[in-house]
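The data block below is protein24.txt; it holds compact mmCIF, C-alpha atoms.
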```
# COMPACT_ATOMS: atom_id res chain seq x y z
CA MET A 1 8.97 -35.09 35.08
CA ASN A 2 7.03 -32.61 32.96
CA GLU A 3 5.82 -33.24 29.42
CA HIS A 4 8.79 -31.51 27.81
CA GLU A 5 11.37 -33.55 29.69
CA LYS A 6 9.42 -36.74 28.94
CA GLY A 7 9.53 -36.05 25.22
CA LYS A 8 13.26 -35.36 25.43
CA ALA A 9 13.89 -38.59 27.32
CA LEU A 10 11.97 -40.54 24.69
CA LYS A 11 13.96 -38.95 21.89
CA GLU A 12 17.18 -40.05 23.56
CA GLN A 13 15.97 -43.66 23.64
CA GLN A 14 15.62 -43.73 19.86
CA PRO A 15 18.56 -45.33 18.00
CA SER A 16 21.22 -42.96 16.75
CA PHE A 17 21.66 -42.29 13.05
CA GLU A 18 24.48 -44.85 12.76
CA GLN A 19 22.31 -47.60 14.28
CA ARG A 20 19.45 -47.15 11.82
CA SER A 21 19.30 -49.27 8.68
CA GLY A 22 17.41 -48.63 5.46
CA LEU A 23 15.36 -51.77 5.92
CA ARG A 24 14.27 -50.67 9.35
CA GLU A 25 13.33 -47.20 8.06
CA LEU A 26 11.20 -48.76 5.32
CA PHE A 27 9.50 -51.14 7.74
CA GLU A 28 8.71 -48.34 10.17
CA LEU A 29 7.35 -46.15 7.40
CA PHE A 30 5.00 -48.75 5.94
CA SER A 31 3.94 -50.50 9.13
CA LEU A 32 3.27 -47.12 10.78
CA THR A 33 5.27 -48.27 13.83
CA GLY A 34 7.53 -45.29 13.24
CA PHE A 35 4.51 -43.03 13.59
CA VAL A 36 2.83 -44.86 16.44
CA TYR A 37 6.05 -45.18 18.46
CA GLY A 38 7.26 -41.73 17.41
CA PRO A 39 5.11 -38.58 17.17
CA LEU A 40 1.92 -40.28 18.39
CA ASP A 41 3.69 -41.82 21.39
CA GLU A 42 5.09 -38.46 22.45
CA ARG A 43 1.52 -37.18 22.71
CA LEU A 44 -0.46 -40.21 23.91
CA ASN A 45 2.05 -42.52 25.67
CA ILE A 46 1.12 -45.44 23.42
CA LYS A 47 4.16 -47.47 24.46
CA GLU A 48 3.27 -47.28 28.11
CA ALA A 49 -0.33 -48.31 27.43
CA LEU A 50 0.78 -51.26 25.28
CA GLU A 51 3.34 -52.44 27.84
CA LYS A 52 0.76 -52.21 30.59
CA ASN A 53 -1.70 -54.39 28.65
CA LEU A 54 0.59 -56.85 26.85
CA LYS A 55 3.00 -57.48 29.71
CA LYS A 56 0.46 -57.45 32.52
CA ALA A 57 1.39 -60.20 34.95
CA VAL A 58 -1.29 -62.79 35.77
CA PRO A 59 -1.57 -64.43 39.22
CA HIS A 60 0.42 -67.65 39.78
CA HIS A 61 -2.60 -69.94 40.07
CA VAL A 62 -3.79 -69.06 36.54
CA ASN A 63 -3.64 -72.11 34.22
CA TRP A 64 -4.80 -73.06 30.70
CA LEU A 65 -8.41 -73.43 31.87
CA PHE A 66 -8.50 -69.65 32.15
CA CYS A 67 -8.14 -69.36 28.33
CA PHE A 68 -11.72 -70.22 27.38
CA GLY A 69 -13.01 -66.66 27.79
CA GLY A 70 -10.25 -65.28 25.57
CA LEU A 71 -10.90 -68.06 23.04
CA SER A 72 -14.59 -67.10 22.97
CA LEU A 73 -13.59 -63.50 22.20
CA PHE A 74 -11.17 -64.67 19.50
CA LEU A 75 -13.91 -66.75 17.86
CA PHE A 76 -16.29 -63.78 18.13
CA THR A 77 -13.74 -61.69 16.19
CA VAL A 78 -13.49 -64.44 13.56
CA GLN A 79 -17.31 -64.41 13.31
CA ALA A 80 -17.38 -60.62 12.91
CA VAL A 81 -14.77 -60.65 10.12
CA THR A 82 -16.10 -63.68 8.19
CA GLY A 83 -19.69 -62.48 8.74
CA ILE A 84 -18.91 -59.13 7.11
CA MET A 85 -17.23 -61.03 4.26
CA LEU A 86 -20.34 -63.19 3.74
CA LEU A 87 -22.53 -60.06 3.71
CA MET A 88 -20.72 -59.02 0.52
CA TYR A 89 -22.61 -61.77 -1.37
CA TYR A 90 -25.58 -62.91 0.73
CA ARG A 91 -29.11 -61.93 -0.43
CA PRO A 92 -31.80 -62.21 2.28
CA THR A 93 -34.80 -63.20 0.15
CA ILE A 94 -36.48 -66.61 0.04
CA ALA A 95 -35.96 -66.76 -3.72
CA GLU A 96 -32.25 -65.93 -3.66
CA ALA A 97 -30.84 -66.74 -0.20
CA TYR A 98 -29.98 -70.38 -0.93
CA LYS A 99 -28.71 -69.54 -4.42
CA SER A 100 -26.39 -66.85 -3.07
CA VAL A 101 -25.03 -69.24 -0.41
CA VAL A 102 -24.32 -71.88 -3.09
CA TYR A 103 -22.70 -69.16 -5.22
CA VAL A 104 -20.39 -68.13 -2.36
CA THR A 105 -19.47 -71.76 -1.66
CA ASN A 106 -18.84 -72.91 -5.24
CA ASN A 107 -18.00 -69.85 -7.34
CA VAL A 108 -16.43 -67.11 -5.24
CA PRO A 109 -12.67 -67.63 -4.75
CA PHE A 110 -12.07 -68.84 -1.17
CA GLY A 111 -15.82 -68.50 -0.54
CA TRP A 112 -15.86 -72.09 0.76
CA LEU A 113 -13.16 -71.05 3.26
CA VAL A 114 -14.99 -67.95 4.49
CA ARG A 115 -18.30 -69.78 4.86
CA GLY A 116 -16.59 -72.79 6.46
CA LEU A 117 -14.81 -70.58 8.97
CA HIS A 118 -18.08 -68.83 9.85
CA HIS A 119 -19.83 -72.19 10.29
CA TRP A 120 -17.15 -73.87 12.41
CA ALA A 121 -16.23 -70.84 14.49
CA ALA A 122 -19.95 -70.45 15.32
CA ASN A 123 -20.12 -74.02 16.65
CA LEU A 124 -16.78 -73.73 18.47
CA MET A 125 -17.78 -70.39 20.02
CA ILE A 126 -20.77 -71.99 21.71
CA VAL A 127 -18.53 -74.82 22.99
CA MET A 128 -15.95 -72.32 24.31
CA VAL A 129 -18.62 -70.17 25.99
CA PHE A 130 -19.93 -73.24 27.84
CA LEU A 131 -16.40 -74.33 28.87
CA HIS A 132 -15.71 -70.78 30.08
CA MET A 133 -18.91 -70.85 32.11
CA ALA A 134 -18.07 -74.27 33.58
CA ARG A 135 -14.61 -73.02 34.62
CA VAL A 136 -16.07 -69.94 36.31
CA PHE A 137 -18.70 -72.10 38.03
CA PHE A 138 -16.34 -74.76 39.41
CA TYR A 139 -13.81 -72.15 40.60
CA GLY A 140 -16.63 -70.35 42.40
CA ALA A 141 -15.60 -67.20 40.53
CA TYR A 142 -19.23 -66.09 40.17
CA LYS A 143 -19.43 -65.16 43.87
CA PRO A 144 -19.50 -61.52 45.04
CA PRO A 145 -17.92 -59.18 44.15
CA ARG A 146 -17.99 -60.78 40.67
CA ASP A 147 -21.70 -61.67 40.72
CA PHE A 148 -22.69 -58.90 38.32
CA ASN A 149 -20.07 -60.12 35.87
CA TRP A 150 -21.69 -63.57 36.03
CA VAL A 151 -25.01 -61.88 35.15
CA THR A 152 -23.49 -60.17 32.07
CA GLY A 153 -21.89 -63.55 31.22
CA VAL A 154 -25.29 -65.28 31.23
CA ILE A 155 -26.67 -62.48 29.02
CA LEU A 156 -23.70 -63.02 26.67
CA LEU A 157 -24.49 -66.76 26.58
CA MET A 158 -28.10 -65.98 25.59
CA LEU A 159 -26.91 -63.55 22.90
CA THR A 160 -24.46 -66.16 21.53
CA LEU A 161 -27.26 -68.74 21.33
CA GLY A 162 -29.42 -66.04 19.68
CA PHE A 163 -26.72 -65.58 17.04
CA GLY A 164 -26.73 -69.33 16.41
CA PHE A 165 -30.53 -69.55 16.20
CA THR A 166 -30.99 -66.60 13.81
CA GLY A 167 -27.94 -67.48 11.68
CA TYR A 168 -29.16 -71.04 11.17
CA LEU A 169 -32.17 -69.84 9.13
CA LEU A 170 -30.21 -67.63 6.75
CA PRO A 171 -29.12 -70.29 4.15
CA TRP A 172 -32.87 -71.00 3.74
CA ASN A 173 -32.54 -74.74 3.11
CA GLN A 174 -34.77 -77.56 4.35
CA ILE A 175 -32.95 -78.11 7.64
CA SER A 176 -32.90 -74.41 8.54
CA TYR A 177 -36.55 -73.92 7.58
CA TRP A 178 -37.76 -76.82 9.74
CA ALA A 179 -35.39 -76.04 12.61
CA THR A 180 -36.80 -72.51 12.71
CA THR A 181 -40.36 -73.83 12.47
CA VAL A 182 -39.76 -76.07 15.50
CA GLY A 183 -37.72 -73.41 17.35
CA THR A 184 -40.36 -70.72 16.96
CA GLU A 185 -43.06 -73.21 17.97
CA ALA A 186 -41.45 -73.52 21.44
CA PRO A 187 -42.37 -70.02 22.77
CA GLY A 188 -45.98 -70.93 21.86
CA ALA A 189 -46.08 -73.06 25.03
CA VAL A 190 -45.79 -69.96 27.24
CA PRO A 191 -49.14 -69.43 29.02
CA VAL A 192 -51.45 -66.63 27.77
CA VAL A 193 -48.97 -64.76 25.52
CA GLY A 194 -47.43 -67.84 23.80
CA GLY A 195 -49.27 -67.50 20.50
CA LEU A 196 -48.50 -63.80 20.38
CA LEU A 197 -44.76 -64.50 20.94
CA THR A 198 -44.60 -67.02 18.10
CA THR A 199 -46.34 -64.58 15.73
CA LEU A 200 -43.99 -61.80 16.84
CA ILE A 201 -40.84 -63.86 16.19
CA ARG A 202 -42.11 -65.19 12.84
CA GLY A 203 -43.70 -61.95 11.70
CA GLY A 204 -46.77 -63.95 10.68
CA ALA A 205 -48.52 -67.27 11.08
CA GLU A 206 -45.71 -69.37 9.60
CA VAL A 207 -42.00 -69.11 8.75
CA SER A 208 -41.93 -66.88 5.66
CA GLN A 209 -40.05 -64.05 3.93
CA THR A 210 -40.87 -61.79 6.91
CA THR A 211 -39.22 -64.30 9.25
CA LEU A 212 -36.10 -64.38 7.08
CA THR A 213 -35.95 -60.56 6.95
CA ARG A 214 -36.42 -60.37 10.71
CA PHE A 215 -33.81 -63.01 11.52
CA PHE A 216 -31.37 -61.37 9.10
CA ALA A 217 -31.82 -57.97 10.77
CA VAL A 218 -31.43 -59.50 14.23
CA HIS A 219 -28.37 -61.53 13.18
CA VAL A 220 -26.40 -58.78 11.45
CA VAL A 221 -27.50 -55.53 13.14
CA ILE A 222 -29.29 -55.89 16.45
CA LEU A 223 -27.32 -58.73 18.09
CA PRO A 224 -23.85 -57.36 17.14
CA LEU A 225 -24.71 -54.00 18.69
CA VAL A 226 -26.17 -55.50 21.86
CA ILE A 227 -23.36 -58.05 22.31
CA SER A 228 -20.66 -55.35 21.89
CA PHE A 229 -22.26 -53.39 24.72
CA PHE A 230 -22.32 -56.38 27.07
CA LEU A 231 -18.83 -57.53 26.03
CA MET A 232 -17.44 -54.14 27.02
CA GLY A 233 -19.17 -54.34 30.39
CA HIS A 234 -17.84 -57.90 30.89
CA PHE A 235 -14.25 -56.83 30.15
CA PHE A 236 -14.31 -53.60 32.14
CA MET A 237 -15.56 -55.48 35.17
CA ILE A 238 -12.91 -58.24 34.97
CA ARG A 239 -10.24 -55.58 34.50
CA LYS A 240 -11.43 -53.62 37.51
CA GLN A 241 -11.89 -56.62 39.80
CA GLY A 242 -9.02 -58.81 38.57
CA ILE A 243 -8.91 -62.57 38.03
CA SER A 244 -10.50 -64.59 40.85
CA GLY A 245 -8.43 -66.55 43.38
CA PRO A 246 -7.26 -70.21 43.28
CA LEU A 247 -9.44 -73.22 44.13
CA MET B 248 28.17 -57.90 36.25
CA THR B 249 29.11 -55.19 33.80
CA MET B 250 31.24 -57.70 31.91
CA GLU B 251 28.26 -60.01 31.44
CA LEU B 252 26.04 -57.19 30.23
CA ASN B 253 28.66 -56.12 27.75
CA SER B 254 29.21 -59.64 26.44
CA GLU B 255 25.48 -59.97 25.78
CA LYS B 256 25.42 -56.66 23.99
CA ASP B 257 28.35 -57.70 21.81
CA GLN B 258 26.44 -60.63 20.37
CA PRO B 259 25.12 -59.81 16.89
CA ILE B 260 21.60 -61.00 17.76
CA ARG B 261 20.11 -61.77 21.12
CA ARG B 262 17.78 -64.69 21.84
CA ARG B 263 14.86 -62.41 22.70
CA SER B 264 15.14 -60.31 19.58
CA PHE B 265 15.50 -63.48 17.49
CA LEU B 266 12.28 -64.83 19.01
CA ASN B 267 10.58 -61.48 18.43
CA TYR B 268 11.61 -61.45 14.75
CA PHE B 269 10.51 -65.06 14.42
CA LEU B 270 7.11 -64.26 15.95
CA GLY B 271 6.75 -61.26 13.64
CA LEU B 272 7.61 -63.39 10.63
CA SER B 273 5.05 -66.07 11.60
CA ILE B 274 2.32 -63.47 12.13
CA GLY B 275 3.30 -61.83 8.83
CA THR B 276 3.13 -65.14 6.94
CA PHE B 277 -0.21 -66.13 8.43
CA GLY B 278 -1.70 -62.64 8.10
CA GLY B 279 -0.40 -62.32 4.56
CA SER B 280 -1.98 -65.56 3.38
CA ALA B 281 -5.27 -64.64 5.09
CA ALA B 282 -5.16 -61.20 3.45
CA TYR B 283 -4.52 -62.85 0.05
CA ALA B 284 -7.58 -65.12 0.43
CA PHE B 285 -9.74 -62.20 1.57
CA ALA B 286 -8.58 -59.99 -1.31
CA LYS B 287 -9.33 -62.75 -3.85
CA TYR B 288 -12.73 -63.28 -2.19
CA LEU B 289 -13.81 -59.73 -3.01
CA PHE B 290 -13.41 -60.28 -6.78
CA PRO B 291 -16.07 -62.79 -7.87
CA PRO B 292 -15.58 -64.66 -11.18
CA ALA B 293 -18.50 -62.81 -12.85
CA ALA B 294 -16.84 -59.47 -12.16
CA ILE B 295 -13.88 -60.37 -14.34
CA GLY B 296 -16.06 -61.16 -17.35
CA ALA B 297 -16.27 -64.93 -17.04
CA GLU B 298 -20.06 -65.02 -17.42
CA SER B 299 -20.30 -63.53 -20.91
CA GLY B 300 -22.21 -65.86 -23.29
CA SER B 301 -19.83 -66.11 -26.25
CA GLU B 302 -16.87 -67.02 -24.09
CA THR B 303 -14.97 -70.25 -24.74
CA VAL B 304 -12.40 -72.17 -22.73
CA ARG B 305 -9.50 -74.00 -24.33
CA VAL B 306 -7.80 -77.05 -22.84
CA MET B 307 -4.56 -78.45 -24.29
CA LEU B 308 -4.98 -82.08 -25.39
CA ALA B 309 -1.59 -82.84 -23.85
CA GLU B 310 -3.12 -82.14 -20.42
CA LEU B 311 -5.98 -84.56 -21.08
CA PRO B 312 -4.95 -88.23 -21.46
CA ILE B 313 -7.50 -90.69 -22.87
CA GLY B 314 -9.77 -91.80 -20.01
CA GLY B 315 -8.70 -88.78 -17.97
CA SER B 316 -10.52 -85.64 -16.86
CA LYS B 317 -9.82 -82.06 -15.89
CA ILE B 318 -11.80 -79.43 -13.94
CA VAL B 319 -11.88 -76.02 -15.63
CA ARG B 320 -13.91 -72.87 -15.07
CA TYR B 321 -16.52 -72.21 -17.75
CA LYS B 322 -19.22 -69.49 -17.46
CA GLY B 323 -17.91 -68.96 -13.93
CA GLU B 324 -18.87 -72.52 -12.93
CA PRO B 325 -16.61 -75.51 -12.27
CA THR B 326 -16.81 -77.69 -15.39
CA VAL B 327 -15.45 -81.19 -15.88
CA VAL B 328 -13.85 -82.09 -19.23
CA ILE B 329 -13.61 -85.83 -19.92
CA ARG B 330 -11.70 -87.43 -22.80
CA VAL B 331 -13.34 -90.81 -23.44
CA SER B 332 -11.41 -91.67 -26.63
CA GLU B 333 -8.92 -90.19 -29.08
CA LYS B 334 -11.49 -87.94 -30.79
CA GLN B 335 -14.31 -87.79 -28.24
CA VAL B 336 -14.46 -85.23 -25.43
CA HIS B 337 -17.37 -84.36 -23.14
CA ALA B 338 -17.75 -81.14 -21.11
CA LEU B 339 -20.30 -81.05 -18.29
CA SER B 340 -21.11 -78.80 -15.38
CA ALA B 341 -19.26 -80.27 -12.37
CA VAL B 342 -21.84 -78.94 -9.88
CA CYS B 343 -24.03 -81.81 -8.66
CA THR B 344 -27.72 -80.99 -9.16
CA HIS B 345 -28.53 -82.45 -5.75
CA LEU B 346 -26.76 -80.16 -3.24
CA GLY B 347 -24.07 -78.47 -5.30
CA CYS B 348 -20.96 -80.52 -4.49
CA ILE B 349 -18.27 -80.91 -7.16
CA VAL B 350 -18.51 -84.27 -8.97
CA LYS B 351 -15.41 -86.32 -9.84
CA TRP B 352 -14.71 -88.53 -12.87
CA ASP B 353 -14.18 -92.19 -12.03
CA GLY B 354 -12.26 -93.58 -14.99
CA SER B 355 -12.63 -97.25 -14.03
CA LYS B 356 -16.46 -97.10 -13.74
CA ARG B 357 -16.75 -94.50 -16.55
CA LEU B 358 -19.08 -92.48 -14.31
CA LEU B 359 -19.09 -89.07 -12.66
CA VAL B 360 -19.48 -89.60 -8.92
CA CYS B 361 -20.57 -86.99 -6.39
CA PRO B 362 -18.52 -87.36 -3.18
CA CYS B 363 -21.31 -85.98 -0.97
CA HIS B 364 -24.26 -88.35 -1.41
CA ALA B 365 -23.00 -90.77 -4.10
CA ALA B 366 -25.12 -89.52 -6.99
CA THR B 367 -23.65 -90.84 -10.27
CA PHE B 368 -23.94 -89.51 -13.82
CA ASP B 369 -22.89 -90.92 -17.20
CA VAL B 370 -20.68 -89.04 -19.69
CA ASN B 371 -23.75 -87.30 -21.17
CA GLY B 372 -24.75 -85.98 -17.75
CA ASN B 373 -27.75 -88.30 -17.23
CA VAL B 374 -28.41 -89.47 -13.67
CA THR B 375 -27.61 -93.18 -13.27
CA ALA B 376 -28.00 -93.51 -9.50
CA GLY B 377 -28.39 -91.53 -6.31
CA PRO B 378 -30.43 -88.53 -5.17
CA ALA B 379 -29.70 -86.04 -7.99
CA PRO B 380 -33.02 -84.64 -9.35
CA LYS B 381 -31.75 -83.38 -12.73
CA PRO B 382 -29.01 -84.28 -15.25
CA LEU B 383 -25.82 -82.22 -15.35
CA ALA B 384 -25.72 -79.43 -17.94
CA SER B 385 -23.72 -80.55 -20.98
CA TYR B 386 -21.65 -78.16 -23.14
CA HIS B 387 -20.62 -78.31 -26.76
CA THR B 388 -16.99 -79.29 -27.42
CA LYS B 389 -14.79 -79.17 -30.50
CA ILE B 390 -11.46 -80.93 -30.98
CA THR B 391 -8.63 -79.32 -32.92
CA PRO B 392 -5.28 -81.10 -33.49
CA ASP B 393 -3.83 -79.92 -30.20
CA GLU B 394 -6.64 -78.56 -28.05
CA VAL B 395 -10.29 -78.85 -26.99
CA ILE B 396 -12.56 -75.81 -27.30
CA ILE B 397 -15.48 -75.78 -24.87
CA GLY B 398 -18.50 -73.62 -25.61
CA GLU B 399 -18.74 -72.40 -29.19
CA ALA B 400 -20.83 -74.48 -31.58
```

Show me, as structure tokens, the structure contained in the file I just sent.
Amino acid sequence: MNEHEKGKALKEQQPSFEQRSGLRELFELFSLTGFVYGPLDERLNIKEALEKNLKKAVPHHVNWLFCFGGLSLFLFTVQAVTGIMLLMYYRPTIAEAYKSVVYVTNNVPFGWLVRGLHHWAANLMIVMVFLHMARVFFYGAYKPPRDFNWVTGVILLMLTLGFGFTGYLLPWNQISYWATTVGTEAPGAVPVVGGLLTTLIRGGAEVSQTTLTRFFAVHVVILPLVISFFLMGHFFMIRKQGISGPL
Amino acid sequence: MTMELNSEKDQPIRRRSFLNYFLGLSIGTFGGSAAYAFAKYLFPPAAIGAESGSETVRVMLAELPIGGSKIVRYKGEPTVVIRVSEKQVHALSAVCTHLGCIVKWDGSKRLLVCPCHAATFDVNGNVTAGPAPKPLASYHTKITPDEVIIGEA
């Protein structure tokens, strides 16, 4: 079937004039489905791509335990959206960070909700990532040919924990200050370069404005870019190799 | 076979399309309420002129029984208005000076109690117990025959 015939066949599938209702026309106009399923589909085969992805059959042995990876991705999306929302008000200076967090929580409409979602989804994401890892481990799904995907998964775990560690400092309250002091003390135990590492992470001798600036930059720019790269690799690999076999 | 197909087509609405509409409606409801919260979030109270100095807030006396309280927004901050007697009304910042939770009026103890760490304040805002380091900010109030005006001297 050449392109011309394909377009003609698609046109014939569309409902006839008598079958169309005003409500449907309005919905298709405003939701853009008319455009996506119409002119755009004729050129890019959107429908076919959607069907392929949304109605892709999974193997019979797949059960609810296989959901943890998807849940981690869902929570990551929640973090991205609520994180961008919080950036609209957050001020990364030691004088104003805490004040701006209190302002978001108490004064901004639904600010408590956005901050609460960011807080709880962060905790849940770490739980889901660990459950996902446990599932992959006990099913033996890390074995070749999926061993490289296990490696990207471990990198993703580290990046998730990095998000948690850097994000914890940002409200600049007592608990975050001391948690960061203790947390940045730990690399100091590394032989030879330990002291250098601690200074590098803190941007000085102790946790200060430089540390806050650094952690903010890592939390909102560097980690999101790096994690997107590894997420794509993780998903491309699972798509190429398929879900692993039963127990 | 063809009979069955036809009979299903004759039905005004099929089970699958009903479920699809239902799913769409649920997603629309959930997405709509999330979009509403997010749209409201982008307009902070200061941006709509609530932080100007000469601003006053009026509360109808009918909404404020004796011994009762009401949370209003004054200068962009949650503010608690307490009516202790017929002609006596107090207005205080409702933001606890300890960690910023919203305090509540306990009519039986005649105290403002913070739900987070049990700091308590009297009707003038002074700390009576708990971890709060400073008293609550107190605002001027004026009673007219049918309403309370918070702010203006």

Which residues are near region 94-104 of chain A? Cut-off 7 Å, only C-alpha atoms, ignore same chain within fewer than 3 positions. Put them as a count of residues only. 12

Would you mind reading off the distance between CA of Val336 (chain B) and CA of Gly323 (chain B), one decimal, in Å?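 Rounded to one decimal, the two atoms are 20.2 Å apart.
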
May I have a table of the residues of chain B lying at most 7 Å from chain A, giving each one's closest pair of atoms and their distance in Å to one decimal, counting all atoms listed in the file, ordered by chain and ascending residue number, as a Markdown table?
```
| residue | atom | partner | partner_atom | distance |
| --- | --- | --- | --- | --- |
| B:Ala284 | CA | A:Phe110 | CA | 6.0 |
| B:Lys287 | CA | A:Pro109 | CA | 6.0 |
| B:Tyr288 | CA | A:Pro109 | CA | 5.0 |
| B:Pro291 | CA | A:Val108 | CA | 5.1 |
| B:Pro292 | CA | A:Val108 | CA | 6.5 |
| B:Gly323 | CA | A:Asn107 | CA | 6.7 |
| B:Glu324 | CA | A:Asn107 | CA | 6.3 |
| B:Gly347 | CA | A:Val102 | CA | 7.0 |
```

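When CA of Leu54 (chain A) is paired with CA of Tyr139 (chain A), their separation reads 25.1 Å.
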
I'd like to know which of A:Leu169, A:Val221, A:Leu73, A:Leu156 is closest to Leu124 (chain A), using all atoms listed in the file.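 When distances to Leu124 (chain A) are compared using all atoms listed in the file, the smallest one comes from A:Leu73.
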
Which residue, A:Gly153, A:Gly167, A:Phe229, A:Phe35, has the smallest gap to Thr213 (chain A) when you use all atoms listed in the file?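 For Thr213 (chain A), the nearest of the given residues is A:Gly167.
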
Expected answer as a count of residues only: all residues with atoms within 12 Å of (-20.5, -60.0, 41.3), all atoms listed in the file: 22

Mind pulling up the distance from CA of Pro259 (chain B) to CA of Glu25 (chain A)?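 Value for the CA of Glu25 (chain A)-CA of Pro259 (chain B) distance: 19.4 Å.
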
May I have the protein, DNA and RNA residues with any atom at most 10 Å from the point (-17.6, -86.0, -19.9), counting only C-alpha atoms, written as a PyMOL selection string? chain B and resi 314-317+326-331+335-341+352+357-359+368-372+385-386

Restricting the calculation to all atoms listed in the file, which member of B:Leu270, B:Ile390, B:Ile349, B:Val360 is positioned closest to Leu311 (chain B)? B:Ile390

Selected residue, from B:Leu346, B:Phe285, B:Arg320, B:Ala379, that lies nearest to Glu302 (chain B) when counting only C-alpha atoms: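 Among B:Leu346, B:Phe285, B:Arg320, B:Ala379, it is B:Arg320 that comes nearest to Glu302 (chain B).
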
Which polymer residues have any atom within 12 Å of an atom of Arg135 (chain A), counting only C-alpha atoms, with same-chain residues fewer than 5 positions away left out, as number ranges by chain? A: 62-69, 128-130, 140-142, 150, 244, 246-247
